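Structure data (TSV, C-alpha atoms) from model.tsv:
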```
chain	number	residue	atom	x	y	z
U	1344	MET	CA	0.00	0.00	0.00
U	1345	LYS	CA	1.47	3.32	-1.01
U	1346	TYR	CA	1.02	5.72	1.88
U	1347	LEU	CA	-0.70	8.91	0.70
U	1348	GLU	CA	-2.46	11.72	2.51
U	1349	HIS	CA	-5.78	10.51	1.15
U	1350	PHE	CA	-5.60	7.66	3.67
U	1351	HIS	CA	-6.02	10.22	6.43
U	1352	ASN	CA	-9.46	10.02	8.06
U	1353	SER	CA	-10.01	6.59	6.52
U	1354	MET	CA	-10.55	3.09	7.80
U	1355	ILE	CA	-8.81	0.19	6.12
U	1356	CYS	CA	-10.56	-3.13	6.44
U	1357	GLY	CA	-8.00	-5.91	6.71
U	1358	ASP	CA	-5.33	-7.60	8.81
U	1359	CYS	CA	-3.46	-4.95	10.78
U	1360	LEU	CA	-0.05	-6.62	10.53
U	1361	GLU	CA	-0.29	-7.02	6.77
U	1362	ILE	CA	-1.40	-3.43	6.31
U	1363	MET	CA	1.11	-1.86	8.70
U	1364	ARG	CA	3.93	-3.72	6.95
U	1365	GLN	CA	3.01	-1.92	3.74
U	1366	MET	CA	3.28	1.52	5.34
U	1367	PRO	CA	6.56	3.47	5.35
U	1368	ASP	CA	8.69	4.29	8.36
U	1369	GLY	CA	7.87	7.36	10.40
U	1370	CYS	CA	4.46	8.16	8.92
U	1371	ILE	CA	2.44	8.26	12.18
U	1372	ASP	CA	2.55	10.63	15.16
U	1373	LEU	CA	0.62	8.59	17.71
U	1374	VAL	CA	-0.95	5.15	18.21
U	1375	VAL	CA	-3.93	4.71	20.53
U	1376	THR	CA	-5.20	1.16	20.61
U	1377	SER	CA	-6.59	-1.72	22.62
U	1378	PRO	CA	-6.06	-5.19	21.12
U	1379	PRO	CA	-8.19	-8.25	21.77
U	1380	TYR	CA	-7.23	-9.56	25.22
U	1381	ASN	CA	-7.36	-13.27	24.34
U	1382	LEU	CA	-10.07	-13.64	26.97
U	1383	LYS	CA	-11.40	-17.00	25.82
U	1384	ASN	CA	-8.02	-18.48	26.69
U	1385	SER	CA	-8.79	-17.57	30.31
U	1386	THR	CA	-8.78	-20.24	33.01
U	1387	GLY	CA	-11.86	-18.60	34.53
U	1388	ASN	CA	-15.02	-20.52	33.70
U	1389	GLY	CA	-17.11	-17.58	32.52
U	1390	MET	CA	-15.57	-17.15	29.07
U	1391	LYS	CA	-15.21	-20.80	28.13
U	1392	ASN	CA	-17.49	-22.34	25.53
U	1393	GLY	CA	-20.24	-24.45	27.02
U	1394	SER	CA	-19.29	-23.44	30.53
U	1395	LYS	CA	-22.79	-22.53	31.76
U	1396	GLY	CA	-21.02	-19.77	33.69
U	1397	LYS	CA	-22.66	-16.50	34.70
U	1398	TRP	CA	-21.22	-14.86	31.57
U	1399	ALA	CA	-22.87	-17.31	29.16
U	1400	ASN	CA	-24.64	-14.43	27.43
U	1401	ALA	CA	-21.77	-11.96	27.61
U	1402	ALA	CA	-20.92	-10.15	24.38
U	1403	LEU	CA	-17.51	-11.83	24.05
U	1404	GLN	CA	-18.75	-15.37	24.67
U	1405	LYS	CA	-18.40	-16.07	20.94
U	1406	GLY	CA	-15.35	-13.87	20.43
U	1407	TYR	CA	-15.28	-11.04	17.92
U	1408	SER	CA	-16.98	-11.21	14.53
U	1409	HIS	CA	-13.75	-12.16	12.70
U	1410	HIS	CA	-11.49	-13.21	15.61
U	1411	ASP	CA	-12.29	-15.91	18.15
U	1412	ASP	CA	-10.03	-14.41	20.89
U	1413	ASN	CA	-8.78	-17.87	21.81
U	1414	MET	CA	-5.13	-18.16	20.74
U	1415	SER	CA	-2.50	-20.11	22.65
U	1416	HIS	CA	-0.69	-17.77	25.03
U	1417	GLU	CA	2.58	-18.17	23.15
U	1418	SER	CA	0.98	-17.37	19.79
U	1419	TYR	CA	-0.85	-14.40	21.26
U	1420	VAL	CA	2.32	-12.91	22.74
U	1421	GLU	CA	4.19	-13.34	19.46
U	1422	TRP	CA	1.34	-11.70	17.54
U	1423	GLN	CA	1.17	-8.72	19.87
U	1424	ARG	CA	4.94	-8.23	19.87
U	1425	ASN	CA	4.92	-8.24	16.07
U	1426	CYS	CA	2.15	-5.64	16.13
U	1427	LEU	CA	4.06	-3.41	18.56
U	1428	THR	CA	7.19	-3.74	16.43
U	1429	GLU	CA	5.32	-2.42	13.41
U	1430	MET	CA	3.69	0.38	15.41
U	1431	MET	CA	7.12	1.50	16.63
U	1432	ARG	CA	8.49	1.47	13.09
U	1433	LEU	CA	5.64	3.65	11.86
U	1434	LEU	CA	6.12	6.25	14.59
U	1435	ARG	CA	8.12	9.40	14.09
U	1436	ASP	CA	10.98	10.02	16.53
U	1437	ASP	CA	8.70	12.09	18.78
U	1438	GLY	CA	5.82	9.60	18.65
U	1439	ALA	CA	4.30	7.26	21.22
U	1440	ILE	CA	1.88	4.38	21.70
U	1441	PHE	CA	-0.93	4.29	24.25
U	1442	TYR	CA	-1.43	0.52	24.52
U	1443	ASN	CA	-4.46	-0.46	26.61
U	1444	HIS	CA	-4.42	-3.97	28.05
U	1445	LYS	CA	-5.48	-5.94	31.10
U	1446	TRP	CA	-3.55	-7.90	33.68
U	1447	ARG	CA	-4.90	-11.20	34.95
U	1448	VAL	CA	-3.93	-14.28	36.93
U	1449	GLN	CA	-3.79	-17.57	35.03
U	1450	ASN	CA	-3.30	-20.83	36.93
U	1451	GLY	CA	-1.83	-18.89	39.83
U	1452	LEU	CA	0.62	-16.92	37.67
U	1453	LEU	CA	0.40	-13.18	37.06
U	1454	GLN	CA	0.09	-12.16	33.42
U	1455	ASP	CA	1.21	-8.53	33.63
U	1456	ARG	CA	1.94	-8.43	29.88
U	1457	GLN	CA	5.67	-8.13	30.52
U	1458	ASP	CA	6.19	-10.89	27.97
U	1459	ILE	CA	4.51	-8.62	25.40
U	1460	VAL	CA	6.11	-5.26	26.22
U	1461	ALA	CA	9.60	-6.44	27.26
U	1462	GLY	CA	12.26	-4.65	25.21
U	1463	PHE	CA	9.96	-1.85	24.11
U	1464	PRO	CA	10.57	1.64	25.57
U	1465	VAL	CA	7.80	1.65	28.17
U	1466	ARG	CA	7.93	5.07	29.80
U	1467	GLN	CA	4.98	4.81	32.15
U	1468	ILE	CA	2.05	2.62	33.19
U	1469	ILE	CA	-1.27	4.43	33.50
U	1470	ILE	CA	-4.09	2.89	35.47
U	1471	TRP	CA	-7.55	3.16	33.95
U	1472	ARG	CA	-9.98	2.86	36.85
U	1473	ARG	CA	-13.26	1.69	35.38
U	1474	LYS	CA	-16.45	2.62	37.12
U	1475	GLY	CA	-19.06	-0.08	37.46
U	1476	GLY	CA	-18.96	-3.73	36.53
U	1477	PHE	CA	-20.17	-7.09	37.80
U	1478	ASN	CA	-18.58	-9.91	39.74
U	1479	PHE	CA	-20.32	-13.26	40.14
U	1480	ASN	CA	-17.35	-15.06	41.71
U	1481	PRO	CA	-17.38	-15.05	45.55
U	1482	GLY	CA	-13.65	-15.82	45.60
U	1483	TYR	CA	-12.52	-12.58	43.96
U	1484	PHE	CA	-12.95	-8.86	44.46
U	1485	LEU	CA	-14.61	-6.97	41.62
U	1486	PRO	CA	-11.99	-6.11	38.93
U	1487	THR	CA	-12.10	-2.35	38.44
U	1488	TYR	CA	-8.98	-1.40	36.49
U	1489	GLU	CA	-7.03	-1.90	33.29
U	1490	VAL	CA	-3.61	-0.59	32.31
U	1491	ILE	CA	-2.39	1.70	29.55
U	1492	TYR	CA	1.27	1.34	28.62
U	1493	LEU	CA	2.83	4.58	27.41
U	1494	ILE	CA	5.48	3.29	25.02
U	1495	ALA	CA	7.40	6.34	23.82
U	1496	LYS	CA	10.16	7.13	21.38
U	1497	LYS	CA	13.11	9.18	22.60
U	1498	ASP	CA	11.86	12.66	21.60
U	1499	PHE	CA	8.27	12.23	22.78
U	1500	LYS	CA	6.92	14.92	25.09
U	1501	LEU	CA	3.46	15.53	26.49
U	1502	ALA	CA	1.50	18.60	25.50
U	1503	PRO	CA	1.82	21.56	27.88
U	1504	LYS	CA	0.14	20.93	31.26
U	1505	ALA	CA	-0.93	17.39	30.27
U	1506	ASN	CA	1.37	15.93	32.93
U	1507	ALA	CA	-1.05	17.29	35.53
U	1508	TYR	CA	-3.51	14.50	34.72
U	1509	GLY	CA	-1.55	12.02	36.80
U	1510	ASP	CA	-1.28	8.30	36.15
U	1511	VAL	CA	-4.68	7.11	37.43
U	1512	TRP	CA	-7.52	7.92	35.04
U	1513	GLU	CA	-11.11	7.28	36.05
U	1514	PHE	CA	-13.59	6.78	33.22
U	1515	SER	CA	-16.84	4.86	33.14
U	1516	GLN	CA	-17.11	1.84	30.90
U	1517	GLU	CA	-18.74	2.32	27.51
U	1518	PHE	CA	-22.45	1.54	27.36
U	1519	GLY	CA	-24.86	1.45	24.44
U	1520	ASN	CA	-22.18	0.32	21.99
U	1521	SER	CA	-22.82	-2.78	19.85
U	1522	HIS	CA	-19.13	-3.68	19.76
U	1523	PRO	CA	-18.41	-6.42	22.34
U	1524	ALA	CA	-15.44	-4.66	23.99
U	1525	PRO	CA	-15.31	-0.89	23.39
U	1526	PHE	CA	-13.36	1.55	25.49
U	1527	PRO	CA	-15.03	4.85	26.44
U	1528	LEU	CA	-14.58	7.92	24.26
U	1529	GLU	CA	-12.96	9.75	27.18
U	1530	LEU	CA	-9.96	7.42	27.07
U	1531	PRO	CA	-8.68	8.20	23.54
U	1532	LEU	CA	-9.70	11.83	24.03
U	1533	ARG	CA	-7.35	12.03	27.03
U	1534	CYS	CA	-4.53	10.21	25.20
U	1535	ILE	CA	-4.70	12.32	22.06
U	1536	ALA	CA	-5.28	15.65	23.81
U	1537	SER	CA	-2.19	14.96	25.94
U	1538	THR	CA	-0.02	15.17	22.83
U	1539	SER	CA	0.58	17.40	19.83
U	1540	ALA	CA	0.03	14.50	17.43
U	1541	ASN	CA	-1.56	15.25	14.09
U	1542	VAL	CA	-1.98	11.75	12.62
U	1543	VAL	CA	-3.30	9.05	14.96
U	1544	LEU	CA	-3.34	5.33	14.13
U	1545	ASP	CA	-5.53	2.67	15.71
U	1546	PRO	CA	-4.71	-0.76	14.23
U	1547	PHE	CA	-7.57	-2.35	16.21
U	1548	MET	CA	-10.17	0.29	15.39
U	1549	GLY	CA	-13.27	-1.68	16.41
U	1550	SER	CA	-16.28	0.61	16.53
U	1551	GLY	CA	-14.26	3.71	15.70
U	1552	THR	CA	-13.86	5.33	19.12
U	1553	THR	CA	-10.29	6.50	18.48
U	1554	ALA	CA	-11.41	8.02	15.18
U	1555	LEU	CA	-14.23	9.87	16.92
U	1556	ALA	CA	-11.79	11.26	19.48
U	1557	ALA	CA	-9.27	12.33	16.83
U	1558	LEU	CA	-11.88	14.18	14.80
U	1559	GLN	CA	-13.35	15.88	17.84
U	1560	LEU	CA	-9.88	17.21	18.64
U	1561	GLY	CA	-9.19	18.35	15.08
U	1562	ARG	CA	-6.63	15.60	14.41
U	1563	LYS	CA	-6.44	13.05	11.59
U	1564	TYR	CA	-6.87	9.32	12.03
U	1565	ILE	CA	-6.05	6.11	10.20
U	1566	GLY	CA	-7.99	3.08	11.39
U	1567	ILE	CA	-7.38	-0.58	10.60
U	1568	GLU	CA	-10.03	-3.15	11.40
U	1569	LEU	CA	-10.31	-6.81	10.39
U	1570	SER	CA	-14.09	-7.01	10.58
U	1571	PRO	CA	-16.24	-5.44	7.82
U	1572	GLU	CA	-19.08	-5.45	10.34
U	1573	TYR	CA	-17.13	-3.27	12.77
U	1574	CYS	CA	-15.92	-1.00	9.94
U	1575	THR	CA	-19.54	-0.36	9.04
U	1576	MET	CA	-20.40	0.17	12.70
U	1577	ALA	CA	-17.62	2.73	13.01
U	1578	LEU	CA	-18.69	4.61	9.89
U	1579	ASN	CA	-22.24	4.80	11.13
U	1580	ARG	CA	-20.97	6.38	14.35
U	1581	LEU	CA	-18.77	8.81	12.45
U	1582	TYR	CA	-21.65	9.89	10.22
U	1583	LYS	CA	-23.39	11.24	13.29
U	1584	LEU	CA	-20.61	13.75	13.90
U	1585	GLU	CA	-20.73	17.29	12.65
U	1586	PHE	CA	-17.41	16.47	10.98
U	1587	THR	CA	-19.10	14.34	8.31
U	1588	ASN	CA	-17.70	16.42	5.46
U	1589	GLU	CA	-14.17	15.63	6.61
U	1590	LEU	CA	-14.60	11.88	6.29
U	1591	GLU	CA	-13.19	9.88	3.43
U	1592	GLU	CA	-14.05	6.32	2.41
U	1593	THR	CA	-13.41	3.05	4.13
U	1594	VAL	CA	-11.04	0.75	2.29
U	1595	PHE	CA	-12.28	-2.82	1.86
U	1596	PRO	CA	-9.37	-4.89	0.48
U	1597	ASN	CA	-11.69	-7.40	-1.18
U	1598	GLY	CA	-14.57	-5.07	-1.90
U	1599	ASN	CA	-16.49	-6.56	1.03
U	1600	ASN	CA	-19.12	-4.03	1.98
U	1601	GLU	CA	-21.89	-5.39	4.16
U	1602	ASP	CA	-23.97	-2.22	4.17
U	1603	GLU	CA	-25.36	-1.31	0.76
U	1604	ASN	CA	-26.75	1.99	1.97
U	1605	LEU	CA	-23.31	2.98	3.22
U	1606	HIS	CA	-21.84	1.92	-0.10
U	1607	ASN	CA	-24.19	4.32	-1.88
U	1608	GLN	CA	-22.99	7.19	0.29
U	1609	HIS	CA	-19.27	6.45	-0.07
U	1610	SER	CA	-17.01	5.33	-2.91
U	1611	PHE	CA	-15.12	2.37	-1.45
U	1612	ARG	CA	-11.62	1.66	-2.69
U	1613	GLU	CA	-10.64	-1.92	-3.36
U	1614	ARG	CA	-7.23	-2.86	-2.07
```
Structure rendered as structure tokens:
Amino acid sequence: MKYLEHFHNSMICGDCLEIMRQMPDGCIDLVVTSPPYNLKNSTGNGMKNGSKGKWANAALQKGYSHHDDNMSHESYVEWQRNCLTEMMRLLRDDGAIFYNHKWRVQNGLLQDRQDIVAGFPVRQIIIWRRKGGFNFNPGYFLPTYEVIYLIAKKDFKLAPKANAYGDVWEFSQEFGNSHPAPFPLELPLRCIASTSANVVLDPFMGSGTTALAALQLGRKYIGIELSPEYCTMALNRLYKLEFTNELEETVFPNGNNEDENLHNQHSFRER
């Protein structure tokens, strides 16, 4: 894929690793993203198929629309490290990654994602304290936080006064979103507004929350999303913004457009 400015404010439907590997070095200012957490690989009974657990009807019980979220731990770590390697390559020397993930205990061992982020220039760990939630297990306290790794290149600096936010951010979980695992709009708004970044990449765009935040702040976005269903969902959300005239088309590599009405409103490129 030849990187051109007309990819700004666009979503590319396809595999994020394949697409990032076609982009040139140093073309992105900031990455804000939250990958699939591989939750169905959990030892907890609630996310396992046929478990009859309390989460049997949870949105992620069947995984994502085009990703089952059930890789072996070793394969998952390798995949995420490859993704981070490409994100780092795409960043300019003053760029950074806000990488949202979740710690958990598996078979008595802490998975703090060190096996994923080891060797990358992690500058800080931010705690996202989520309001609300449910806990049906009497053996555990209610989980109320996730982490955001700030992985920064050498010349990265926060925007003036952004350091006053501190490293514990309290945002409610996202509600009323059809995506099975969205983060709240306030999270990417805080990340992006804390920098001077102009072009923001989210390689796991999902329902388009990072794009919404970028546009609201007058920045440009590039989104990559494997699922045509979620690409359509994101576009529908973006259409509701007053920034509609700034939007360009979604790129469907195989011409897969599941929303004919959306197709009539946009000219989709085939990749």
Using all atoms listed in the file, determine which residues lie at most 10 Å from U:Pro1464, disregarding the query and same-chain residues fewer than 5 positions distant; provide the list as an mmCIF file with C-alpha atoms, in the coordinates of the input.
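Printed below is out.cif as written:
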```cif
data_model
loop_
_atom_site.group_PDB
_atom_site.id
_atom_site.type_symbol
_atom_site.label_atom_id
_atom_site.label_comp_id
_atom_site.auth_asym_id
_atom_site.auth_seq_id
_atom_site.Cartn_x
_atom_site.Cartn_y
_atom_site.Cartn_z
ATOM 1 C CA MET U 1431 7.120 1.500 16.630
ATOM 2 C CA ALA U 1439 4.300 7.260 21.220
ATOM 3 C CA ILE U 1440 1.880 4.380 21.700
ATOM 4 C CA TYR U 1492 1.270 1.340 28.620
ATOM 5 C CA LEU U 1493 2.830 4.580 27.410
ATOM 6 C CA ILE U 1494 5.480 3.290 25.020
ATOM 7 C CA ALA U 1495 7.400 6.340 23.820
ATOM 8 C CA LYS U 1496 10.160 7.130 21.380
ATOM 9 C CA LYS U 1497 13.110 9.180 22.600
#
```
Which stretch 1438-1492 of chain U residues have any atom within 10 Å of an atom of stretch 1530-1542 of chain U, and for each, what is the nearest pair of atoms with distance in Å to one decimal, counting only C-alpha atoms, rows sorted by chain and number, as a Markdown table?
```
| residue | atom | partner | partner_atom | distance |
| --- | --- | --- | --- | --- |
| U:Gly1438 | CA | U:Ala1540 | CA | 7.7 |
| U:Ala1439 | CA | U:Thr1538 | CA | 9.2 |
| U:Ile1440 | CA | U:Cys1534 | CA | 9.3 |
| U:Phe1441 | CA | U:Cys1534 | CA | 7.0 |
| U:Asn1443 | CA | U:Leu1530 | CA | 9.6 |
| U:Trp1471 | CA | U:Leu1530 | CA | 8.4 |
| U:Ile1491 | CA | U:Cys1534 | CA | 9.8 |
```
- Query: How far is it from atom CA of U:Lys1504 to atom CA of U:Asp1545, in Å with one decimal?
  - Reply: 24.6 Å
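From atom CA of U:Ser1550 back to atom CA of U:Ile1355, the distance works out to 12.8 Å.
For the pair atom CA of U:Ile1470 and atom CA of U:Tyr1442, the interatomic distance is 11.5 Å.
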- One residue among U:Ile1565, U:Leu1544, U:Leu1578, U:Val1465 is nearest to U:His1349 when using only C-alpha atoms, and that residue is U:Ile1565
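Distance annotation: of U:Arg1364, U:Lys1500, U:Arg1456, U:Arg1472, the residue with the minimal separation from U:Pro1546 is U:Arg1364; atom set is all atoms listed in the file.
Of the residues under consideration (U:Gln1454, U:Ser1353, U:Thr1487, U:Asn1506), U:Gln1454 shows the shortest atom-to-atom contact distance to U:His1416 when counting only C-alpha atoms.
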